[in-house]
$ cat input-v7.txt   # compact mmCIF, C-alpha atoms
# COMPACT_ATOMS: atom_id res chain seq x y z
CA MET A 1 14.46 -22.51 -5.29
CA SER A 2 12.45 -19.44 -4.35
CA VAL A 3 9.82 -18.19 -6.75
CA ARG A 4 9.63 -14.42 -7.00
CA GLU A 5 7.71 -12.92 -9.88
CA LEU A 6 5.90 -9.62 -10.45
CA LEU A 7 3.06 -9.80 -12.94
CA VAL A 8 1.95 -6.40 -14.19
CA LEU A 9 -1.70 -7.04 -15.01
CA GLY A 10 -2.44 -3.43 -15.83
CA SER A 11 -0.77 -0.05 -15.61
CA ALA A 12 -3.08 2.34 -17.46
CA SER A 13 -4.28 4.10 -14.34
CA ALA A 14 -7.70 5.78 -14.67
CA VAL A 15 -8.08 5.42 -18.43
CA PRO A 16 -7.45 1.98 -19.94
CA THR A 17 -6.43 1.62 -23.56
CA LYS A 18 -6.65 -1.23 -26.07
CA THR A 19 -3.29 -2.49 -24.90
CA ARG A 20 -3.19 -1.44 -21.24
CA ASN A 21 -5.67 -2.42 -18.55
CA HIS A 22 -6.51 -0.57 -15.32
CA ASN A 23 -4.02 -1.06 -12.47
CA GLY A 24 -3.28 -4.48 -11.09
CA TYR A 25 -0.10 -6.15 -9.91
CA LEU A 26 0.37 -9.68 -8.61
CA LEU A 27 3.53 -10.50 -6.72
CA ARG A 28 4.20 -14.23 -6.48
CA TRP A 29 6.47 -14.93 -3.54
CA ASP A 30 7.24 -18.50 -2.48
CA GLY A 31 3.69 -19.81 -2.70
CA HIS A 32 2.00 -16.57 -1.73
CA GLY A 33 0.18 -14.24 -4.12
CA VAL A 34 -0.04 -10.56 -3.18
CA LEU A 35 -2.52 -8.70 -5.39
CA PHE A 36 -2.04 -4.94 -5.35
CA ASP A 37 -4.75 -2.52 -6.51
CA PRO A 38 -7.02 -4.79 -8.57
CA GLY A 39 -8.68 -2.41 -11.00
CA GLU A 40 -11.61 -3.13 -13.27
CA GLY A 41 -11.04 -6.08 -15.59
CA ILE A 42 -8.46 -7.72 -13.35
CA GLN A 43 -9.97 -11.22 -13.62
CA ARG A 44 -9.56 -11.12 -17.39
CA GLN A 45 -5.97 -9.97 -17.06
CA MET A 46 -5.29 -12.75 -14.57
CA THR A 47 -6.69 -15.25 -17.07
CA PHE A 48 -4.36 -13.91 -19.78
CA ALA A 49 -1.45 -14.29 -17.35
CA GLY A 50 -2.44 -17.84 -16.40
CA VAL A 51 -3.21 -16.93 -12.78
CA THR A 52 -6.20 -18.19 -10.82
CA ALA A 53 -7.96 -16.25 -8.10
CA SER A 54 -7.07 -19.10 -5.76
CA ALA A 55 -3.42 -18.03 -6.07
CA VAL A 56 -4.23 -14.80 -4.18
CA THR A 57 -3.36 -14.79 -0.46
CA TRP A 58 -3.32 -11.01 0.05
CA ILE A 59 -5.30 -8.17 -1.52
CA CYS A 60 -3.65 -4.80 -0.84
CA LEU A 61 -5.46 -1.61 -1.79
CA THR A 62 -3.55 1.63 -1.74
CA HIS A 63 -6.74 3.71 -1.86
CA PHE A 64 -10.35 3.70 -3.04
CA HIS A 65 -10.21 5.37 -6.43
CA GLY A 66 -11.97 3.11 -8.92
CA ASP A 67 -8.94 2.26 -11.04
CA HIS A 68 -7.37 0.75 -7.92
CA CYS A 69 -10.29 -1.21 -6.47
CA LEU A 70 -13.15 -1.93 -8.90
CA GLY A 71 -11.81 -5.43 -9.54
CA VAL A 72 -12.29 -6.42 -5.88
CA PRO A 73 -15.86 -7.78 -6.24
CA GLY A 74 -14.97 -10.15 -9.06
CA VAL A 75 -11.79 -11.41 -7.42
CA ILE A 76 -13.51 -12.11 -4.09
CA GLN A 77 -16.46 -13.78 -5.77
CA ARG A 78 -14.08 -15.91 -7.84
CA ILE A 79 -12.13 -16.91 -4.71
CA ALA A 80 -15.45 -18.06 -3.19
CA ARG A 81 -16.64 -19.78 -6.39
CA ASP A 82 -13.35 -21.66 -6.83
CA GLY A 83 -13.58 -22.94 -3.26
CA ALA A 84 -10.23 -21.62 -2.11
CA GLU A 85 -9.31 -23.18 1.21
CA HIS A 86 -6.71 -20.69 2.43
CA GLU A 87 -7.25 -17.40 4.22
CA VAL A 88 -7.06 -14.26 2.07
CA ASN A 89 -6.06 -11.08 3.89
CA ALA A 90 -7.37 -7.77 2.61
CA ALA A 91 -5.48 -4.62 3.60
CA PHE A 92 -6.97 -1.19 2.84
CA PRO A 93 -7.27 2.29 4.39
CA ALA A 94 -9.68 2.08 7.34
CA SER A 95 -11.26 5.38 6.31
CA GLY A 96 -12.60 3.53 3.26
CA MET A 97 -14.41 0.79 5.22
CA GLU A 98 -17.76 1.92 3.79
CA TYR A 99 -16.41 1.55 0.24
CA TRP A 100 -14.79 -1.80 1.07
CA GLN A 101 -18.13 -3.11 2.35
CA ARG A 102 -19.87 -1.91 -0.81
CA LEU A 103 -17.28 -3.63 -3.02
CA ARG A 104 -17.30 -6.76 -0.90
CA HIS A 105 -21.07 -7.19 -1.09
CA VAL A 106 -21.98 -5.39 -4.31
CA VAL A 107 -24.15 -8.29 -5.53
CA PRO A 108 -25.54 -11.45 -3.93
CA PHE A 109 -23.25 -14.50 -4.14
CA HIS A 110 -22.26 -17.46 -2.01
CA ASP A 111 -19.79 -15.60 0.20
CA THR A 112 -16.64 -16.95 1.79
CA ALA A 113 -15.45 -16.47 5.35
CA LEU A 114 -11.85 -16.75 4.15
CA ILE A 115 -11.48 -13.00 3.55
CA LYS A 116 -9.86 -11.41 6.61
CA GLU A 117 -10.14 -7.63 6.65
CA ARG A 118 -7.05 -5.71 7.75
CA PRO A 119 -8.06 -2.01 7.84
CA LEU A 120 -5.07 0.31 8.09
CA THR A 121 -4.81 3.26 10.46
CA GLY A 122 -1.89 5.42 11.48
CA GLU A 123 1.26 6.50 9.71
CA GLU A 124 2.84 3.05 9.49
CA VAL A 125 1.35 -0.41 10.03
CA ARG A 126 3.24 -3.69 10.12
CA LEU A 127 0.83 -6.38 8.99
CA ASP A 128 0.84 -9.85 10.49
CA THR A 129 1.85 -12.12 7.60
CA GLY A 130 1.77 -15.30 9.66
CA ASP A 131 3.99 -17.97 8.15
CA ALA A 132 4.76 -16.00 4.98
CA PRO A 133 8.48 -15.70 4.20
CA PHE A 134 8.23 -11.91 4.15
CA THR A 135 7.05 -8.94 6.17
CA LEU A 136 4.52 -6.47 4.83
CA THR A 137 4.42 -2.88 6.00
CA ALA A 138 1.95 -0.20 4.96
CA ARG A 139 2.87 3.47 5.22
CA ARG A 140 0.63 6.46 4.63
CA ILE A 141 1.42 8.34 1.42
CA ASP A 142 0.34 11.73 0.11
CA HIS A 143 -2.66 11.52 -2.23
CA SER A 144 -5.96 13.34 -2.73
CA ILE A 145 -7.63 10.77 -0.44
CA GLU A 146 -6.18 8.60 2.31
CA ALA A 147 -3.72 6.20 0.73
CA TYR A 148 -1.03 3.73 1.75
CA GLY A 149 2.04 2.40 0.02
CA TYR A 150 3.26 -1.11 0.76
CA ARG A 151 6.71 -2.47 1.44
CA LEU A 152 7.39 -6.17 1.28
CA ALA A 153 10.70 -7.35 2.73
CA GLU A 154 12.34 -10.68 3.36
CA PRO A 155 14.40 -11.36 6.46
CA ASP A 156 18.12 -10.72 6.25
CA GLY A 157 20.03 -13.85 5.50
CA TRP A 158 22.99 -15.43 3.85
CA THR A 159 22.96 -17.24 0.55
CA MET A 160 25.88 -19.23 -0.74
CA LEU A 161 25.94 -20.73 -4.16
CA PRO A 162 28.76 -23.30 -4.34

$ encode --input "input-v7.txt" --output "structure tokens"
Amino acid sequence: MSVRELLVLGSASAVPTKTRNHNGYLLRWDGHGVLFDPGEGIQRQMTFAGVTASAVTWICLTHFHGDHCLGVPGVIQRIARDGAEHEVNAAFPASGMEYWQRLRHVVPFHDTALIKERPLTGEEVRLDTGDAPFTLTARRIDHSIEAYGYRLAEPDGWTMLP
């Protein structure tokens, strides 16, 4: 049976509260973990939800406002520390490459070569998801800085439950 689950790890946007963390959403999809907009405190929220950083196969940033990306350093460092053996793709607006590099290397740590950067340019980008059972498309959206929205889709098919 397919496993499809959306974990809302935070939805407070720029100002967290006692009961709502900064943004962060993990979509579990048939053995893949797509982490959208990991805001500050995301590792703690993942712990509460029973999710390890090793479960992440994609990191998708819509844009580089802090509440959507300040959790990146901790997640990447945790992926390296836990010794994840699978590739982790990171999609983000190409115009924010400087910010990505700062987040990626904000402090010294034993880095991992498993992070594959996928900078986005243009109005619409179809990302190569390899053997994943879904396609992932990024499309530019209107925001105060360059930003992308993501669309995940599974192939058309037939399902019959006897």

$ closest_residue --input "input-v7.txt" --among "A:Ile76, A:Ile145, A:Val56, A:Ala90" --to "Val107 of chain A" --atoms "all atoms listed in the file"
A:Ile76

$ axis_aligned_box --input "input-v7.txt" --around "segment 3-13 of chain A" --padding-each-side "8 Å" --output "AutoDock Vina command-line options"
--center_x 2.8 --center_y -7.0 --center_z -12.1 --size_x 30.1 --size_y 38.3 --size_z 26.7

$ closest_residue --input "input-v7.txt" --among "A:Ala55, A:Leu26, A:Ile141, A:Ala14" --to "Glu40 of chain A" --atoms "only C-alpha atoms"
A:Ala14

$ atom_distance --input "input-v7.txt" --atom1 "atom CA of His86 of chain A" --atom2 "atom CA of Val8 of chain A"
23.6 Å

$ closest_residue --input "input-v7.txt" --among "A:Trp158, A:Trp29, A:Tyr148, A:Phe92" --to "Ser2 of chain A" --atoms "all atoms listed in the file"
A:Trp29

$ closest_atom_pairs --input "input-v7.txt" --of "segment 41-93 of chain A" --to "segment 117-139 of chain A" --cutoff "9 Å" --atoms "only C-alpha atoms" --output "Markdown table"
| residue | atom | partner | partner_atom | distance |
| --- | --- | --- | --- | --- |
| A:Thr62 | CA | A:Ala138 | CA | 8.9 |
| A:Val88 | CA | A:Glu117 | CA | 8.6 |
| A:Asn89 | CA | A:Glu117 | CA | 6.0 |
| A:Ala90 | CA | A:Glu117 | CA | 4.9 |
| A:Ala91 | CA | A:Arg118 | CA | 4.6 |
| A:Phe92 | CA | A:Pro119 | CA | 5.2 |
| A:Pro93 | CA | A:Leu120 | CA | 4.7 |

$ closest_residue --input "input-v7.txt" --among "A:Ser54, A:Val34, A:Ala153, A:His65" --to "Tyr99 of chain A" --atoms "only C-alpha atoms"
A:His65

$ atom_distance --input "input-v7.txt" --atom1 "atom CA of Ser144 of chain A" --atom2 "atom CA of Leu7 of chain A"
26.9 Å

$ closest_residue --input "input-v7.txt" --among "A:Trp58, A:Tyr25, A:Phe64, A:Trp100" --to "Met46 of chain A" --atoms "all atoms listed in the file"
A:Tyr25

$ closest_residue --input "input-v7.txt" --among "A:Arg44, A:Thr159, A:Arg4, A:Val106" --to "Asn21 of chain A" --atoms "only C-alpha atoms"
A:Arg44

$ atom_distance --input "input-v7.txt" --atom1 "atom CA of Leu103 of chain A" --atom2 "atom CA of Glu5 of chain A"
27.5 Å

$ residues_around --input "input-v7.txt" --residues "His22 of chain A" --least-positions-apart "4" --cutoff "10 Å" --atoms "all atoms listed in the file" --output "list in words"
Leu9, Gly10, Ser11, Ala12, Ser13, Ala14, Val15, Pro16, Thr17, Asp37, Pro38, Gly39, Glu40, Gly41, Ile42, Gln45, Gly66, Asp67, His68, Cys69, Leu70 and Gly71 of chain A

$ write_last_selection --input "input-v7.txt" --atoms "C-alpha atoms" --output "PDB file, keeping the file's coordinate frame"
ATOM      1  CA  LEU A   9      -1.700  -7.040 -15.010  1.00  0.00           C
ATOM      2  CA  GLY A  10      -2.440  -3.430 -15.830  1.00  0.00           C
ATOM      3  CA  SER A  11      -0.770  -0.050 -15.610  1.00  0.00           C
ATOM      4  CA  ALA A  12      -3.080   2.340 -17.460  1.00  0.00           C
ATOM      5  CA  SER A  13      -4.280   4.100 -14.340  1.00  0.00           C
ATOM      6  CA  ALA A  14      -7.700   5.780 -14.670  1.00  0.00           C
ATOM      7  CA  VAL A  15      -8.080   5.420 -18.430  1.00  0.00           C
ATOM      8  CA  PRO A  16      -7.450   1.980 -19.940  1.00  0.00           C
ATOM      9  CA  THR A  17      -6.430   1.620 -23.560  1.00  0.00           C
ATOM     10  CA  ASP A  37      -4.750  -2.520  -6.510  1.00  0.00           C
ATOM     11  CA  PRO A  38      -7.020  -4.790  -8.570  1.00  0.00           C
ATOM     12  CA  GLY A  39      -8.680  -2.410 -11.000  1.00  0.00           C
ATOM     13  CA  GLU A  40     -11.610  -3.130 -13.270  1.00  0.00           C
ATOM     14  CA  GLY A  41     -11.040  -6.080 -15.590  1.00  0.00           C
ATOM     15  CA  ILE A  42      -8.460  -7.720 -13.350  1.00  0.00           C
ATOM     16  CA  GLN A  45      -5.970  -9.970 -17.060  1.00  0.00           C
ATOM     17  CA  GLY A  66     -11.970   3.110  -8.920  1.00  0.00           C
ATOM     18  CA  ASP A  67      -8.940   2.260 -11.040  1.00  0.00           C
ATOM     19  CA  HIS A  68      -7.370   0.750  -7.920  1.00  0.00           C
ATOM     20  CA  CYS A  69     -10.290  -1.210  -6.470  1.00  0.00           C
ATOM     21  CA  LEU A  70     -13.150  -1.930  -8.900  1.00  0.00           C
ATOM     22  CA  GLY A  71     -11.810  -5.430  -9.540  1.00  0.00           C
TER      23      GLY A  71
END

$ residues_around --input "input-v7.txt" --residues "Glu146 of chain A" --least-positions-apart "6" --cutoff "8 Å" --atoms "all atoms listed in the file" --output "count of residues only"
4
